[in-house]
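Asks: Right, I'll just put the structure down here and ask away after.
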Amino acid sequence: MTASLTIGDVAHRTGTATSALRYWEDLGLIHSERTVGNQRRYERATIRRVSFIRAAQRVGLTLDEIAGALATLPERRTPTARDWARLSKAWRGRLDEQIRRIERLRDQLDSCIGCGCLSLTTCALNNPQDVLAERGPGPVLLEP
């Protein structure tokens with residue numbers, strides 16, 4: 001094995017908590033070998049794989065979505081620039097929808113805060129007499 005990084009090394013180099021690295025390893029997103037003393041050792045390429053995971057999380061992808069994307073790579077290898085381009089193209093529609101939801105949330109919050117009442121249960125503009133309760137729980141005006 002060509003592994004040479006401890007979990008602390010990977011955490012330091014990527015700015016990721018060791019607990020997250022252990023969790024991601026449990027999920028199969030990253031992989032390590034164990035020493036005779038049962039310590040984790042990571043290949044240097046793990047740094048790039050962790051960076052990929054963090055970048056995907058920053059744009060709002062779930063760990064399940066990230067795992068699905070990483071599963072498309074042969075032999076659990078580290079994503080290349082070409083892989084990232086292919087995966088990000090596949091995520092474009094999902095990200096566009098997320099942007100629309102965030103913009104809708106921003107716009108609704110602005111109008112709510114603008115009315116001054118700060119209460120969706122008694123708001124005369126967005127929810128008079130709490131009529132939105134009939135549409136179900138949660139932020140029904142913001143749902144797609």
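Just remember, in the structure tokens the first chain shown is A, the second B, etc., residues are 1-based per chain, and ligands are 1-based in the order shown.
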Find the spatial neighbours of stretch 60-74 of chain A, counting only C-alpha atoms, within a cut-off of 10 Å - ignore same-chain residues fewer than 2 positions away - and output them as number ranges by chain.
Replies: A: 24, 27-30, 49, 52-58, 76-80, 83-84, 86-88, 90-91, 94-95, 98-99
Asks: Step one, run DSSP on the backbone; step two, keep only residues of stretch 14-129 of chain A assigned to alpha helix (DSSP H); then write them as a ChimeraX atom specification.
Replies: /A:14,18-27,46-58,63-71,81-115
Asks: One number please: atom CA of A:Gly93 to atom CA of A:Asp26, in Å, one decimal.
Replies: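 Separation of atom CA of A:Gly93 and atom CA of A:Asp26: 29.1 Å.
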Asks: Using DSSP on the backbone coordinates, identify all residues within stretch 16-124 of chain A classified as strand (DSSP E or B); present the result as a list in words.
Replies: Glu33, Arg34, Arg40, Arg41 and Tyr42 of chain A
Asks: Store the residues of this selection in a file with C-alpha atoms, as a PDB file, in the first residue's frame.
Replies:
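The result, written out as again36.pdb:
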```pdb
ATOM      1  CA  GLU A  33      -6.042   0.842   5.099  1.00  0.00           C
ATOM      2  CA  ARG A  34      -5.304  -0.123   8.687  1.00  0.00           C
ATOM      3  CA  ARG A  40      -6.061   4.516   9.548  1.00  0.00           C
ATOM      4  CA  ARG A  41      -3.722   5.334   6.691  1.00  0.00           C
ATOM      5  CA  TYR A  42      -4.927   7.191   3.623  1.00  0.00           C
TER       6      TYR A  42
END
```
Asks: Just the number, please: distance in Å from atom CA of A:Ile47 to atom CA of A:Lys89, one decimal.
Replies: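 For atom CA of A:Ile47 relative to atom CA of A:Lys89, the distance reads 22.9 Å.
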